[in-house]
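*Asks:* Supplied structure: query30.cif, mmCIF, C-alpha atoms.
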data_protein
loop_
_atom_site.group_PDB
_atom_site.id
_atom_site.type_symbol
_atom_site.label_atom_id
_atom_site.label_comp_id
_atom_site.auth_asym_id
_atom_site.auth_seq_id
_atom_site.Cartn_x
_atom_site.Cartn_y
_atom_site.Cartn_z
ATOM 1 C CA VAL A 1 283.291 100.906 207.555
ATOM 2 C CA GLN A 2 282.043 104.019 205.738
ATOM 3 C CA LEU A 3 281.459 103.918 201.988
ATOM 4 C CA GLN A 4 281.449 106.848 199.570
ATOM 5 C CA ALA A 5 280.297 106.211 196.003
ATOM 6 C CA SER A 6 281.126 108.595 193.182
ATOM 7 C CA GLY A 7 281.461 108.791 189.411
ATOM 8 C CA GLY A 8 277.838 108.837 188.344
ATOM 9 C CA GLY A 9 276.515 111.201 185.715
ATOM 10 C CA LEU A 10 274.679 111.605 182.434
ATOM 11 C CA VAL A 11 275.920 109.649 179.430
ATOM 12 C CA GLN A 12 274.545 108.729 176.029
ATOM 13 C CA ALA A 13 273.639 105.178 175.188
ATOM 14 C CA GLY A 14 276.719 103.248 174.160
ATOM 15 C CA GLY A 15 278.947 105.348 176.385
ATOM 16 C CA SER A 16 280.967 104.467 179.468
ATOM 17 C CA LEU A 17 281.252 105.487 183.084
ATOM 18 C CA ARG A 18 283.438 104.338 185.927
ATOM 19 C CA LEU A 19 282.031 104.368 189.424
ATOM 20 C CA SER A 20 284.236 104.358 192.475
ATOM 21 C CA CYS A 21 283.471 103.397 196.046
ATOM 22 C CA ALA A 22 285.976 104.559 198.613
ATOM 23 C CA ALA A 23 285.972 102.884 202.007
ATOM 24 C CA SER A 24 287.245 104.145 205.313
ATOM 25 C CA GLY A 25 287.130 103.123 208.920
ATOM 26 C CA ARG A 26 288.393 99.558 208.933
ATOM 27 C CA THR A 27 290.652 97.250 206.972
ATOM 28 C CA PHE A 28 289.093 97.409 203.524
ATOM 29 C CA SER A 29 290.737 94.252 202.302
ATOM 30 C CA SER A 30 288.723 92.266 204.821
ATOM 31 C CA TYR A 31 285.457 93.093 203.109
ATOM 32 C CA ALA A 32 283.544 91.567 200.245
ATOM 33 C CA MET A 33 282.047 94.321 198.085
ATOM 34 C CA GLY A 34 278.986 94.610 195.927
ATOM 35 C CA TRP A 35 277.194 97.029 193.650
ATOM 36 C CA PHE A 36 273.439 97.293 193.490
ATOM 37 C CA ARG A 37 271.136 99.649 191.648
ATOM 38 C CA GLN A 38 267.637 100.955 192.051
ATOM 39 C CA ALA A 39 265.550 102.559 189.338
ATOM 40 C CA PRO A 40 262.470 104.678 190.144
ATOM 41 C CA GLY A 41 259.552 102.511 191.170
ATOM 42 C CA LYS A 42 261.638 99.354 191.206
ATOM 43 C CA GLU A 43 263.286 97.265 193.859
ATOM 44 C CA ARG A 44 267.000 97.396 194.490
ATOM 45 C CA GLU A 45 268.708 94.846 192.289
ATOM 46 C CA PHE A 46 272.069 93.114 192.299
ATOM 47 C CA VAL A 47 274.640 94.258 189.738
ATOM 48 C CA THR A 48 277.961 92.691 190.683
ATOM 49 C CA ALA A 49 280.096 91.558 193.621
ATOM 50 C CA ILE A 50 283.735 90.817 194.303
ATOM 51 C CA SER A 51 285.435 88.793 197.015
ATOM 52 C CA TRP A 52 287.991 89.993 199.512
ATOM 53 C CA LYS A 53 291.032 89.366 197.314
ATOM 54 C CA GLY A 54 289.192 89.607 194.016
ATOM 55 C CA GLY A 55 289.324 85.901 193.328
ATOM 56 C CA THR A 56 285.598 85.578 192.839
ATOM 57 C CA THR A 57 283.209 87.871 190.998
ATOM 58 C CA TYR A 58 279.530 87.646 190.167
ATOM 59 C CA TYR A 59 277.523 89.620 187.634
ATOM 60 C CA ALA A 60 273.855 90.012 186.928
ATOM 61 C CA ASP A 61 272.953 88.596 183.521
ATOM 62 C CA SER A 62 271.802 92.040 182.424
ATOM 63 C CA VAL A 63 275.306 93.526 182.783
ATOM 64 C CA LYS A 64 277.521 90.544 182.032
ATOM 65 C CA GLY A 65 280.033 91.376 179.327
ATOM 66 C CA ARG A 66 279.470 95.133 179.707
ATOM 67 C CA PHE A 67 280.341 95.867 183.345
ATOM 68 C CA THR A 68 283.534 94.995 185.198
ATOM 69 C CA ILE A 69 284.094 95.127 188.927
ATOM 70 C CA SER A 70 287.589 95.494 190.358
ATOM 71 C CA ARG A 71 289.222 96.560 193.579
ATOM 72 C CA ASP A 72 292.422 98.151 194.758
ATOM 73 C CA ASN A 73 292.871 97.196 198.388
ATOM 74 C CA ALA A 74 295.879 99.497 198.739
ATOM 75 C CA LYS A 75 293.587 102.419 197.867
ATOM 76 C CA ASN A 76 290.580 101.095 199.781
ATOM 77 C CA THR A 77 288.519 101.447 196.639
ATOM 78 C CA VAL A 78 286.283 99.276 194.511
ATOM 79 C CA TYR A 79 285.455 100.226 190.934
ATOM 80 C CA LEU A 80 282.629 99.528 188.540
ATOM 81 C CA GLN A 81 283.559 100.044 184.908
ATOM 82 C CA MET A 82 280.391 100.337 182.871
ATOM 83 C CA ASP A 83 280.647 100.104 179.094
ATOM 84 C CA SER A 84 278.055 99.933 176.322
ATOM 85 C CA LEU A 85 275.561 101.597 178.593
ATOM 86 C CA LYS A 86 271.869 101.297 177.838
ATOM 87 C CA PRO A 87 268.926 103.470 178.916
ATOM 88 C CA GLU A 88 267.750 100.597 181.114
ATOM 89 C CA ASP A 89 270.945 100.969 183.150
ATOM 90 C CA THR A 90 269.592 104.265 184.472
ATOM 91 C CA ALA A 91 269.380 104.019 188.264
ATOM 92 C CA VAL A 92 270.943 105.044 191.519
ATOM 93 C CA TYR A 93 273.960 102.826 192.066
ATOM 94 C CA TYR A 94 274.934 101.776 195.568
ATOM 95 C CA CYS A 95 278.066 100.108 196.816
ATOM 96 C CA ALA A 96 277.886 97.735 199.750
ATOM 97 C CA ALA A 97 280.312 95.881 201.982
ATOM 98 C CA ASP A 98 280.344 92.991 204.376
ATOM 99 C CA ARG A 99 283.024 91.507 206.553
ATOM 100 C CA ALA A 100 284.868 88.603 204.944
ATOM 101 C CA TYR A 101 287.038 85.972 206.626
ATOM 102 C CA SER A 102 288.345 84.347 203.472
ATOM 103 C CA ASP A 103 288.379 84.922 199.729
ATOM 104 C CA TYR A 104 285.359 82.644 199.375
ATOM 105 C CA LEU A 105 282.233 84.456 198.204
ATOM 106 C CA GLY A 106 279.002 82.500 197.957
ATOM 107 C CA LEU A 107 275.833 83.233 196.052
ATOM 108 C CA GLY A 108 274.435 84.921 199.127
ATOM 109 C CA ALA A 109 276.379 87.967 197.967
ATOM 110 C CA LEU A 110 273.712 88.508 195.313
ATOM 111 C CA ASN A 111 271.209 89.381 198.045
ATOM 112 C CA PRO A 112 271.142 92.900 199.532
ATOM 113 C CA SER A 113 270.607 91.428 203.000
ATOM 114 C CA TYR A 114 274.113 89.931 202.842
ATOM 115 C CA TYR A 115 275.684 93.362 203.300
ATOM 116 C CA ALA A 116 275.961 95.260 206.546
ATOM 117 C CA TYR A 117 277.315 98.519 205.140
ATOM 118 C CA TRP A 118 276.015 100.724 202.361
ATOM 119 C CA GLY A 119 277.140 103.873 200.596
ATOM 120 C CA GLN A 120 274.872 106.789 199.805
ATOM 121 C CA GLY A 121 274.374 106.046 196.100
ATOM 122 C CA THR A 122 275.339 107.821 192.894
ATOM 123 C CA GLN A 123 272.961 108.583 190.029
ATOM 124 C CA VAL A 124 273.629 107.128 186.594
ATOM 125 C CA THR A 125 271.449 108.378 183.744
ATOM 126 C CA VAL A 126 271.754 106.952 180.250
ATOM 127 C CA SER A 127 270.005 108.871 177.497
ATOM 128 C CA SER A 128 268.802 107.215 174.301
#
Can you give me the file's structure in the form of structure tokens?

*Replies:*
Amino acid sequence: VQLQASGGGLVQAGGSLRLSCAASGRTFSSYAMGWFRQAPGKEREFVTAISWKGGTTYYADSVKGRFTISRDNAKNTVYLQMDSLKPEDTAVYYCAADRAYSDYLGLGALNPSYYAYWGQGTQVTVSS
């Protein structure tokens, strides 16, 4: 599966952005999806993940209550709605996918090594 992330940009603190990740190549609904981010000089970190049918979601504590992950399997797209953005949210955001065989999504989805497919990343910059 090929992943294309978009929607990044420059926003003031307190603002919102919505990232999209469009998938192509295989049956999108068969994939668990995740978002990760990487700031300069830091390791890639987990942001959020969603199961095949959307029945299970996970969020990093740092974004809980501000970010929302969702998916539209008919459009082969997963979304990341980011509200109340903070300067510390500044990073390159990556979407990732891995084959799923049920709607179960375990805590392994918080680890980058869980995912076999990655998008190219989209820059999010939050100014103070």

*Asks:* Give me the residues within 12 Å of Leu107 of chain A as a list in words, counting all atoms listed in the file and dropping any in the same chain fewer than 4 places off.

*Replies:*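 In the requested form, the answer reads Gly34, Phe46, Thr48, Ala49, Ile50, Ser51, Thr56, Thr57, Tyr58, Tyr59, Ala60, Asn111, Pro112, Ser113 and Tyr114 of chain A.
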
*Asks:* Write the residues you've just listed into a file as a PDB file, keeping the file's coordinate frame, and include C-alpha atoms for each of them.

*Replies:*
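Now in again28.pdb:
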ATOM      1  CA  GLY A  34     278.986  94.610 195.927  1.00  0.00           C
ATOM      2  CA  PHE A  46     272.069  93.114 192.299  1.00  0.00           C
ATOM      3  CA  THR A  48     277.961  92.691 190.683  1.00  0.00           C
ATOM      4  CA  ALA A  49     280.096  91.558 193.621  1.00  0.00           C
ATOM      5  CA  ILE A  50     283.735  90.817 194.303  1.00  0.00           C
ATOM      6  CA  SER A  51     285.435  88.793 197.015  1.00  0.00           C
ATOM      7  CA  THR A  56     285.598  85.578 192.839  1.00  0.00           C
ATOM      8  CA  THR A  57     283.209  87.871 190.998  1.00  0.00           C
ATOM      9  CA  TYR A  58     279.530  87.646 190.167  1.00  0.00           C
ATOM     10  CA  TYR A  59     277.523  89.620 187.634  1.00  0.00           C
ATOM     11  CA  ALA A  60     273.855  90.012 186.928  1.00  0.00           C
ATOM     12  CA  ASN A 111     271.209  89.381 198.045  1.00  0.00           C
ATOM     13  CA  PRO A 112     271.142  92.900 199.532  1.00  0.00           C
ATOM     14  CA  SER A 113     270.607  91.428 203.000  1.00  0.00           C
ATOM     15  CA  TYR A 114     274.113  89.931 202.842  1.00  0.00           C
TER      16      TYR A 114
END

*Asks:* Can you translate the PyMOL selection byres ((chain A and resi 72) around 10) into the concrete residues it hits in this file, as a PyMOL selection string?

*Replies:* chain A and resi 22+28-29+53-54+70-71+73-79

*Asks:* Interatomic distance between atom CA of Ile69 of chain A and atom CA of Ala97 of chain A?

*Replies:*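 Separation of atom CA of Ile69 of chain A and atom CA of Ala97 of chain A: 13.6 Å.
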
*Asks:* By how many Å are atom CA of Ala116 of chain A and atom CA of Ala96 of chain A apart?

*Replies:*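 Taking atom CA of Ala116 of chain A and atom CA of Ala96 of chain A, their separation equals 7.5 Å.
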
*Asks:* By how many Å are atom CA of Tyr101 of chain A and atom CA of Gln120 of chain A apart?

*Replies:*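 Rounded to one decimal, the two atoms are 25.1 Å apart.
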
*Asks:* Could you name the residues that touch Gln81 of chain A at 9 Å or less, counting only C-alpha atoms, but leaving out those on the same chain fewer than 3 positions away, as a list of chain:residue names?

*Replies:*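 Residues near the query, excluding close chain neighbours: A:Ser16, A:Leu17, A:Arg18, A:Leu19, A:Ser20, A:Arg66, A:Phe67, A:Thr68, A:Ile69, A:Ser70.
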
*Asks:* So, with only C-alpha atoms as the atoms that count, which of A:Leu85, A:Leu80, A:Leu3, A:Ala39 lies closest to Gly119 of chain A?

*Replies:*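 For Gly119 of chain A, the nearest of the given residues is A:Leu3.
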
*Asks:* A:Ala109, A:Val11, A:Val63, A:Ala100: which is nearest Tyr31 of chain A, counting only C-alpha atoms?

*Replies:*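 Among the listed residues, the smallest separation from Tyr31 of chain A belongs to A:Ala100.
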
*Asks:* Given all atoms listed in the file as the basis, pick out the residue of A:Pro40, A:Gly108, A:Cys95, A:Gln123 nearest to Gln4 of chain A.

*Replies:* A:Cys95
